[in-house]
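Participant: mmCIF, C-alpha atoms, file start_3.cif:
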```cif
data_coords
loop_
_atom_site.label_atom_id
_atom_site.label_comp_id
_atom_site.auth_asym_id
_atom_site.auth_seq_id
_atom_site.Cartn_x
_atom_site.Cartn_y
_atom_site.Cartn_z
CA MET A 1 -6.81 -26.49 0.50
CA HIS A 2 -3.25 -25.70 1.39
CA LEU A 3 -0.66 -25.82 -1.40
CA LEU A 4 3.00 -25.77 -0.33
CA ILE A 5 5.67 -25.03 -2.94
CA ASP A 6 9.45 -25.14 -2.66
CA GLY A 7 10.87 -23.43 -5.73
CA TYR A 8 14.42 -23.92 -7.04
CA ALA A 9 16.68 -22.44 -9.73
CA GLY A 10 14.70 -19.24 -10.17
CA ASP A 11 15.34 -15.56 -10.89
CA THR A 12 17.48 -14.45 -7.95
CA GLN A 13 17.09 -10.75 -8.83
CA ARG A 14 13.34 -11.09 -8.44
CA MET A 15 13.84 -13.06 -5.22
CA TRP A 16 15.84 -10.09 -3.81
CA ASP A 17 13.34 -7.52 -5.05
CA ARG A 18 10.96 -6.47 -2.25
CA ASP A 19 8.86 -4.45 -4.69
CA PHE A 20 8.51 -7.42 -7.00
CA VAL A 21 7.46 -9.72 -4.15
CA HIS A 22 5.01 -7.06 -2.94
CA LYS A 23 3.45 -6.73 -6.40
CA PHE A 24 3.26 -10.52 -6.70
CA LEU A 25 1.41 -10.81 -3.37
CA GLU A 26 -0.77 -7.81 -4.24
CA GLU A 27 -2.01 -9.37 -7.48
CA PHE A 28 -1.89 -13.12 -6.83
CA PRO A 29 -5.03 -13.50 -4.62
CA ALA A 30 -7.33 -11.97 -7.26
CA THR A 31 -5.99 -14.26 -10.00
CA LEU A 32 -7.12 -17.21 -7.84
CA GLY A 33 -10.47 -15.62 -6.91
CA MET A 34 -9.41 -14.84 -3.33
CA ASN A 35 -10.19 -11.73 -1.27
CA LYS A 36 -7.27 -9.90 0.30
CA ILE A 37 -8.07 -8.54 3.75
CA TYR A 38 -4.67 -7.41 5.05
CA GLY A 39 -1.28 -6.63 3.54
CA PRO A 40 0.85 -7.51 1.75
CA VAL A 41 3.62 -7.05 4.28
CA VAL A 42 7.09 -7.59 2.79
CA LEU A 43 10.44 -7.33 4.54
CA GLU A 44 14.06 -8.14 3.95
CA TYR A 45 15.81 -10.41 6.40
CA ASP A 46 19.54 -10.10 6.90
CA ALA A 47 20.66 -13.41 8.41
CA PRO A 48 23.97 -14.10 10.16
CA LYS A 49 24.81 -16.41 7.21
CA PRO A 50 24.30 -14.58 3.87
CA GLU A 51 22.85 -17.71 2.23
CA ASP A 52 20.02 -17.65 4.80
CA SER A 53 19.10 -14.02 4.00
CA GLY A 54 16.23 -13.03 1.76
CA VAL A 55 12.78 -11.55 1.48
CA SER A 56 9.67 -12.60 3.43
CA GLY A 57 6.14 -11.56 2.57
CA PHE A 58 2.64 -12.22 3.77
CA VAL A 59 -0.89 -11.39 2.68
CA VAL A 60 -3.97 -12.36 4.70
CA ILE A 61 -6.89 -13.44 2.54
CA ALA A 62 -10.38 -14.22 3.82
CA GLU A 63 -9.85 -16.92 6.49
CA SER A 64 -6.36 -17.86 5.32
CA HIS A 65 -3.11 -16.55 3.76
CA ILE A 66 -0.41 -16.57 1.11
CA SER A 67 3.23 -16.37 2.19
CA VAL A 68 6.61 -16.14 0.46
CA HIS A 69 10.13 -16.66 1.82
CA THR A 70 13.07 -16.31 -0.58
CA PHE A 71 16.72 -17.35 -0.26
CA PRO A 72 18.32 -15.76 -3.33
CA GLU A 73 21.85 -16.93 -2.50
CA ARG A 74 20.51 -20.48 -2.71
CA SER A 75 18.16 -19.72 -5.63
CA TYR A 76 15.46 -21.21 -3.42
CA MET A 77 12.09 -20.08 -2.10
CA ASN A 78 9.05 -21.32 -0.14
CA ILE A 79 5.51 -20.33 -1.06
CA ASP A 80 2.29 -21.22 0.75
CA ILE A 81 -1.17 -20.76 -0.68
CA PHE A 82 -3.71 -21.60 1.98
CA SER A 83 -7.35 -20.94 1.22
CA CYS A 84 -10.61 -21.74 2.98
CA LYS A 85 -12.04 -22.91 -0.31
CA ALA A 86 -10.92 -24.92 -3.33
CA PHE A 87 -8.77 -23.15 -5.94
CA ASP A 88 -7.06 -24.06 -9.19
CA SER A 89 -3.76 -25.47 -7.92
CA GLN A 90 -2.33 -25.91 -11.44
CA LYS A 91 -2.99 -22.25 -12.20
CA ALA A 92 -1.33 -21.30 -8.92
CA LEU A 93 1.74 -23.43 -9.69
CA ASP A 94 2.02 -22.06 -13.23
CA ARG A 95 1.83 -18.48 -11.98
CA VAL A 96 4.46 -19.00 -9.29
CA LYS A 97 6.77 -20.79 -11.73
CA GLU A 98 6.39 -18.06 -14.35
CA GLN A 99 6.72 -15.11 -11.98
CA PHE A 100 9.91 -16.33 -10.29
CA ARG A 101 11.19 -18.20 -13.38
CA LEU A 102 11.62 -21.40 -11.42
CA GLN A 103 13.13 -24.42 -13.14
CA ASN A 104 12.37 -26.93 -10.41
CA MET A 105 9.59 -27.21 -7.84
CA LYS A 106 8.63 -29.57 -5.04
CA THR A 107 4.96 -29.36 -4.05
CA TRP A 108 2.63 -30.72 -1.40
CA GLN A 109 -1.14 -30.44 -1.18
CA VAL A 110 -2.85 -30.69 2.21
CA ASP A 111 -6.63 -31.13 2.45
CA ARG A 112 -7.46 -28.77 5.28
CA GLY A 113 -9.43 -25.59 5.87
CA LEU A 114 -13.16 -24.92 5.83
CA GLU A 115 -13.83 -27.18 2.83
CA HIS A 116 -12.46 -30.12 4.85
CA TYR A 117 -13.89 -29.06 8.22
CA ASP A 118 -15.21 -32.05 10.19
CA PRO A 119 -18.15 -31.03 12.45
CA SER A 120 -17.94 -34.29 14.44
CA LEU A 121 -14.48 -33.29 15.72
CA ALA A 122 -15.76 -29.87 16.85
CA ARG A 123 -17.99 -31.39 19.54
CA PRO A 124 -16.37 -31.73 22.96
CA ARG A 125 -15.70 -35.35 23.88
CA GLY A 126 -18.33 -37.00 25.99
CA VAL A 127 -21.16 -34.92 24.57
CA ARG A 128 -23.69 -37.04 22.73
CA GLU A 129 -26.49 -35.75 20.59
CA GLN A 130 -29.89 -36.30 22.19
CA VAL A 131 -32.26 -38.10 19.90
CA ALA A 132 -35.89 -38.10 20.99
CA GLY A 133 -37.38 -41.60 20.99
CA PRO A 134 -41.00 -42.64 21.16
CA ALA A 135 -42.68 -41.78 24.45
CA ASP A 136 -43.16 -44.64 26.92
CA ASN A 137 -46.91 -44.35 26.88
CA MET B 1 10.05 -28.32 9.14
CA HIS B 2 6.49 -27.22 8.65
CA LEU B 3 3.89 -28.38 11.17
CA LEU B 4 0.23 -27.88 10.21
CA ILE B 5 -2.43 -28.19 12.90
CA ASP B 6 -6.22 -28.13 12.61
CA GLY B 7 -7.63 -27.75 16.11
CA TYR B 8 -11.20 -28.67 17.12
CA ALA B 9 -13.45 -28.31 20.17
CA GLY B 10 -11.43 -25.55 21.83
CA ASP B 11 -12.04 -22.47 23.93
CA THR B 12 -14.15 -20.25 21.67
CA GLN B 13 -13.72 -17.21 23.92
CA ARG B 14 -9.97 -17.41 23.41
CA MET B 15 -10.49 -17.95 19.68
CA TRP B 16 -12.44 -14.65 19.55
CA ASP B 17 -9.92 -12.80 21.69
CA ARG B 18 -7.51 -10.78 19.52
CA ASP B 19 -5.40 -9.88 22.55
CA PHE B 20 -5.10 -13.52 23.50
CA VAL B 21 -4.06 -14.54 19.96
CA HIS B 22 -1.57 -11.65 19.90
CA LYS B 23 -0.03 -12.71 23.21
CA PHE B 24 0.11 -16.32 22.01
CA LEU B 25 1.97 -15.30 18.82
CA GLU B 26 4.19 -12.91 20.77
CA GLU B 27 5.40 -15.62 23.17
CA PHE B 28 5.25 -18.81 21.11
CA PRO B 29 8.39 -18.34 18.93
CA ALA B 30 10.70 -17.99 21.94
CA THR B 31 9.33 -21.15 23.58
CA LEU B 32 10.44 -23.03 20.45
CA GLY B 33 13.80 -21.25 20.20
CA MET B 34 12.77 -19.12 17.21
CA ASN B 35 13.58 -15.46 16.52
CA LYS B 36 10.70 -13.13 15.79
CA ILE B 37 11.53 -10.53 13.12
CA TYR B 38 8.12 -8.95 12.39
CA GLY B 39 4.74 -8.78 14.08
CA PRO B 40 2.60 -10.28 15.41
CA VAL B 41 -0.16 -8.84 13.28
CA VAL B 42 -3.65 -9.89 14.43
CA LEU B 43 -6.99 -8.91 12.92
CA GLU B 44 -10.63 -9.83 13.15
CA TYR B 45 -12.40 -10.97 10.02
CA ASP B 46 -16.14 -10.44 9.68
CA ALA B 47 -17.29 -12.91 6.99
CA PRO B 48 -20.62 -12.82 5.14
CA LYS B 49 -21.48 -16.08 6.96
CA PRO B 50 -20.94 -15.70 10.76
CA GLU B 51 -19.54 -19.23 11.03
CA ASP B 52 -16.70 -18.22 8.68
CA SER B 53 -15.74 -15.21 10.82
CA GLY B 54 -12.86 -15.19 13.26
CA VAL B 55 -9.40 -13.96 14.09
CA SER B 56 -6.31 -14.21 11.87
CA GLY B 57 -2.76 -13.57 13.00
CA PHE B 58 0.80 -14.13 11.91
CA VAL B 59 4.32 -13.53 13.07
CA VAL B 60 7.36 -13.65 10.79
CA ILE B 61 10.27 -15.51 12.33
CA ALA B 62 13.76 -15.78 10.85
CA GLU B 63 13.19 -17.22 7.35
CA SER B 64 9.67 -18.50 8.04
CA HIS B 65 6.45 -17.85 10.01
CA ILE B 66 3.76 -18.89 12.46
CA SER B 67 0.10 -18.24 11.56
CA VAL B 68 -3.28 -18.66 13.23
CA HIS B 69 -6.80 -18.57 11.79
CA THR B 70 -9.73 -19.16 14.14
CA PHE B 71 -13.41 -19.94 13.45
CA PRO B 72 -15.00 -19.66 16.91
CA GLU B 73 -18.54 -20.38 15.69
CA ARG B 74 -17.23 -23.74 14.50
CA SER B 75 -14.88 -24.22 17.47
CA TYR B 76 -12.20 -24.75 14.85
CA MET B 77 -8.80 -23.24 14.06
CA ASN B 78 -5.77 -23.64 11.77
CA ILE B 79 -2.22 -23.14 13.00
CA ASP B 80 1.00 -23.28 10.98
CA ILE B 81 4.46 -23.45 12.47
CA PHE B 82 6.99 -23.22 9.68
CA SER B 83 10.64 -22.95 10.63
CA CYS B 84 13.90 -23.04 8.69
CA LYS B 85 15.29 -25.40 11.29
CA ALA B 86 14.16 -28.41 13.30
CA PHE B 87 12.01 -27.78 16.37
CA ASP B 88 10.29 -29.86 19.02
CA SER B 89 6.97 -30.62 17.31
CA GLN B 90 5.54 -32.38 20.39
CA LYS B 91 6.24 -29.32 22.51
CA ALA B 92 4.58 -27.15 19.86
CA LEU B 93 1.49 -29.38 19.75
CA ASP B 94 1.22 -29.49 23.54
CA ARG B 95 1.45 -25.71 23.78
CA VAL B 96 -1.19 -25.12 21.09
CA LYS B 97 -3.51 -27.69 22.65
CA GLU B 98 -3.12 -26.21 26.13
CA GLN B 99 -3.41 -22.55 25.08
CA PHE B 100 -6.60 -22.99 23.06
CA ARG B 101 -7.92 -25.90 25.19
CA LEU B 102 -8.37 -28.09 22.13
CA GLN B 103 -9.93 -31.49 22.55
CA ASN B 104 -9.18 -32.78 19.06
CA MET B 105 -6.39 -32.06 16.58
CA LYS B 106 -5.44 -33.14 13.08
CA THR B 107 -1.78 -32.61 12.25
CA TRP B 108 0.55 -32.86 9.25
CA GLN B 109 4.33 -32.57 9.18
CA VAL B 110 6.05 -31.51 5.95
CA ASP B 111 9.83 -31.85 5.56
CA ARG B 112 10.69 -28.58 3.85
CA GLY B 113 12.70 -25.44 4.56
CA LEU B 114 16.43 -24.89 4.83
CA GLU B 115 17.07 -28.13 6.72
CA HIS B 116 15.67 -30.04 3.71
CA TYR B 117 17.12 -27.77 1.02
CA ASP B 118 18.39 -29.77 -1.97
CA PRO B 119 21.35 -27.99 -3.68
CA SER B 120 21.10 -30.22 -6.77
CA LEU B 121 17.65 -28.75 -7.56
CA ALA B 122 18.97 -25.19 -7.27
CA ARG B 123 21.20 -25.57 -10.34
CA PRO B 124 19.56 -24.53 -13.61
CA ARG B 125 18.82 -27.49 -15.87
CA GLY B 126 21.43 -28.21 -18.52
CA VAL B 127 24.29 -26.90 -16.44
CA ARG B 128 26.81 -29.60 -15.63
CA GLU B 129 29.65 -29.28 -13.21
CA GLN B 130 33.03 -29.22 -14.97
CA VAL B 131 35.37 -31.84 -13.60
CA ALA B 132 39.01 -31.57 -14.69
CA GLY B 133 40.39 -34.85 -16.00
CA PRO B 134 44.00 -35.92 -16.57
CA ALA B 135 45.75 -33.97 -19.32
CA ASP B 136 46.11 -35.71 -22.71
CA ASN B 137 49.86 -35.59 -22.70
#
```
Just give me the structure as structure tokens.
Facilitator:
Amino acid sequence: MHLLIDGYAGDTQRMWDRDFVHKFLEEFPATLGMNKIYGPVVLEYDAPKPEDSGVSGFVVIAESHISVHTFPERSYMNIDIFSCKAFDSQKALDRVKEQFRLQNMKTWQVDRGLEHYDPSLARPRGVREQVAGPADN
Amino acid sequence: MHLLIDGYAGDTQRMWDRDFVHKFLEEFPATLGMNKIYGPVVLEYDAPKPEDSGVSGFVVIAESHISVHTFPERSYMNIDIFSCKAFDSQKALDRVKEQFRLQNMKTWQVDRGLEHYDPSLARPRGVREQVAGPADN
């Protein structure tokens, strides 16, 4: 499952705080039962327009990832929680809302990843399964 | 805009190839007019079940990211192209399809990011704009 969150009207000090975002990404996977395999990596981005500047962070979890992009001057942020397996999306939303003190959120849920993997699409076109029939004689 | 792609029936040698995934992530942002600000970072993940193993990679671009997760044993992969601004989604799909020789794709397009930022949601609830009216006398 892939949960996409756009958060609004949050704590802009936390959105600017690389250490806070790092700690959030460090701890968040375990609260959702996910295994971190790389990161977090967190960096500040200084855009030509100040309102486009902010903090970006990434943690790779087993077969998928969690990412954060903040825009403190807009009091706006994007969070992605993409996991190969099902997770408690309400718990994830509550945690994000509480951590960044968001007053408004827009969310999308996309059914993709290993839990929605379709084996029939993984076969090259034109290849048919051979089914043995009864012998002619 | 955020474009999500699940790719099926591709080139499994390329899906296993960390150098290939790195080169793909290195070059892809520029072909879509995006500015890379960190990475790519590419790693191999050895899962308890071999069919869940594969290569994960991401590159941070200005205010957003591109990520790849491959599952060569399933001939399956997930790609995300998330940008703060509009990009040519057909060009992106064509490039992904061609690079990983995918025969089937499932795609989703989510209208989020700075181009879809809603300033009204960024104001804390309960705060009203003050509009000066005519004086009483």
Participant: Between A:Gln109, A:Gln13, A:Ser53, A:Ser67, which residue has the minimum interatomic distance to Gly39 of chain A, considering only C-alpha atoms?
Facilitator: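 With only C-alpha atoms as the atom set, the closest residue is A:Ser67.
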Participant: If we count only C-alpha atoms, what is near Asp52 of chain B at a cut-off of 9 Å, once residues fewer than 3 positions away on the same chain are taken out, given as a list in words?
Facilitator: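 Skipping anything fewer than 3 positions along the chain leaves Ala62, Glu63 and Leu114 of chain A; Tyr45, Asp46, Ala47, Pro48, Lys49, Thr70, Phe71, Pro72, Glu73 and Arg74 of chain B.
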Participant: Just write the chosen residues, C-alpha atoms, as a tab-separated table (two decimals), keeping the file's coordinate frame.
Facilitator:
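Saved as again_6.tsv:
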```
chain	number	residue	atom	x	y	z
A	62	ALA	CA	-10.38	-14.22	3.82
A	63	GLU	CA	-9.85	-16.92	6.49
A	114	LEU	CA	-13.16	-24.92	5.83
B	45	TYR	CA	-12.40	-10.97	10.02
B	46	ASP	CA	-16.14	-10.44	9.68
B	47	ALA	CA	-17.29	-12.91	6.99
B	48	PRO	CA	-20.62	-12.82	5.14
B	49	LYS	CA	-21.48	-16.08	6.96
B	70	THR	CA	-9.73	-19.16	14.14
B	71	PHE	CA	-13.41	-19.94	13.45
B	72	PRO	CA	-15.00	-19.66	16.91
B	73	GLU	CA	-18.54	-20.38	15.69
B	74	ARG	CA	-17.23	-23.74	14.50
```
Participant: What are the closest atom pairs, with distances in Å to one decimal, for each residue of chain A lying within 6 Å of chain B, using all atoms listed in the file, rows by chain and rising residue number, as CSV?
Facilitator:
```
residue,atom,partner,partner_atom,distance
A:Tyr8,CA,B:Ala122,CA,4.7
A:Ala9,CA,B:Ala122,CA,4.3
A:Ser75,CA,B:Ala122,CA,5.8
A:Leu121,CA,B:Tyr8,CA,5.8
A:Ala122,CA,B:Ala9,CA,4.3
A:Arg123,CA,B:Ala9,CA,5.5
A:Pro124,CA,B:Ala9,CA,5.3
```
Participant: Quick one: apply the PyMOL selection byres ((chain A and resi 85) around 7) to the file and drop the selected residues here as a list in words.
Facilitator: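 When the PyMOL selection byres ((chain A and resi 85) around 7) is applied to the shown file, the picked residues are Met1, Ser83, Cys84, Ala86, Phe87, Leu114 and Glu115 of chain A.
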Participant: Suppose you want the space between atom CA of Leu3 of chain A and atom CA of Phe28 of chain B; what is it in Å?
Facilitator: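 If I compute the distance from atom CA of Leu3 of chain A to atom CA of Phe28 of chain B, I get 24.3 Å.
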Participant: May I ask for the distance between atom CA of Pro50 of chain A and atom CA of Phe20 of chain A, given in Å to one decimal place?
Facilitator: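 Atom CA of Pro50 of chain A sits 20.5 Å away from atom CA of Phe20 of chain A.
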Participant: So how far away is atom CA of Met34 of chain B from atom CA of Asp19 of chain A, in Å?
Facilitator: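 These two atoms are separated by 26.6 Å.
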Participant: Considering all atoms listed in the file, return as a list of chain:residue names whatever protein or nucleic-acid residues lie within 10 Å of Thr31 of chain B, sequence-local ones (same chain, fewer than 6 positions apart) excluded.
Facilitator: B:Asp88, B:Lys91, B:Ala92, B:Arg95
Participant: Set up a box along x, y and z of the file covering all listed atoms of segment 93-106 of chain A, add 3 Å on every one of the six sides, and write the centre and edge lengths in Å to one decimal, as lines of an AutoDock Vina configuration file.
Facilitator:
```
center_x = 7.4
center_y = -22.3
center_z = -9.7
size_x = 17.4
size_y = 20.5
size_z = 15.3
```
Participant: Can I get segment 33-46 of chain A with N, CA and C atoms filled in, as an mmCIF file, keeping the file's coordinate frame?
Facilitator:
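Written file, selection.cif:
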```
data_model
loop_
_atom_site.group_PDB
_atom_site.id
_atom_site.type_symbol
_atom_site.label_atom_id
_atom_site.label_comp_id
_atom_site.auth_asym_id
_atom_site.auth_seq_id
_atom_site.Cartn_x
_atom_site.Cartn_y
_atom_site.Cartn_z
ATOM 1 N N GLY A 33 -9.106 -15.859 -7.407
ATOM 2 C CA GLY A 33 -10.470 -15.620 -6.910
ATOM 3 C C GLY A 33 -10.546 -15.466 -5.408
ATOM 4 N N MET A 34 -9.450 -14.999 -4.791
ATOM 5 C CA MET A 34 -9.410 -14.840 -3.330
ATOM 6 C C MET A 34 -9.489 -13.367 -2.948
ATOM 7 N N ASN A 35 -10.046 -13.102 -1.753
ATOM 8 C CA ASN A 35 -10.190 -11.730 -1.270
ATOM 9 C C ASN A 35 -9.119 -11.394 -0.252
ATOM 10 N N LYS A 36 -8.322 -10.383 -0.597
ATOM 11 C CA LYS A 36 -7.270 -9.900 0.300
ATOM 12 C C LYS A 36 -7.923 -9.110 1.429
ATOM 13 N N ILE A 37 -7.516 -9.364 2.677
ATOM 14 C CA ILE A 37 -8.070 -8.540 3.750
ATOM 15 C C ILE A 37 -7.002 -7.799 4.552
ATOM 16 N N TYR A 38 -5.751 -8.147 4.386
ATOM 17 C CA TYR A 38 -4.670 -7.410 5.050
ATOM 18 C C TYR A 38 -3.359 -7.623 4.307
ATOM 19 N N GLY A 39 -2.606 -6.536 4.155
ATOM 20 C CA GLY A 39 -1.280 -6.630 3.540
ATOM 21 C C GLY A 39 -1.344 -6.364 2.060
ATOM 22 N N PRO A 40 -0.306 -6.732 1.317
ATOM 23 C CA PRO A 40 0.850 -7.510 1.750
ATOM 24 C C PRO A 40 1.806 -6.746 2.684
ATOM 25 N N VAL A 41 2.488 -7.526 3.494
ATOM 26 C CA VAL A 41 3.620 -7.050 4.280
ATOM 27 C C VAL A 41 4.844 -7.751 3.714
ATOM 28 N N VAL A 42 5.876 -6.981 3.370
ATOM 29 C CA VAL A 42 7.090 -7.590 2.790
ATOM 30 C C VAL A 42 8.308 -6.993 3.473
ATOM 31 N N LEU A 43 9.239 -7.831 3.870
ATOM 32 C CA LEU A 43 10.440 -7.330 4.540
ATOM 33 C C LEU A 43 11.660 -8.118 4.115
ATOM 34 N N GLU A 44 12.808 -7.461 4.275
ATOM 35 C CA GLU A 44 14.060 -8.140 3.950
ATOM 36 C C GLU A 44 14.660 -8.645 5.245
ATOM 37 N N TYR A 45 15.192 -9.839 5.204
ATOM 38 C CA TYR A 45 15.810 -10.410 6.400
ATOM 39 C C TYR A 45 17.295 -10.628 6.151
ATOM 40 N N ASP A 46 18.094 -10.034 7.034
ATOM 41 C CA ASP A 46 19.540 -10.100 6.900
ATOM 42 C C ASP A 46 20.052 -11.106 7.931
#
```
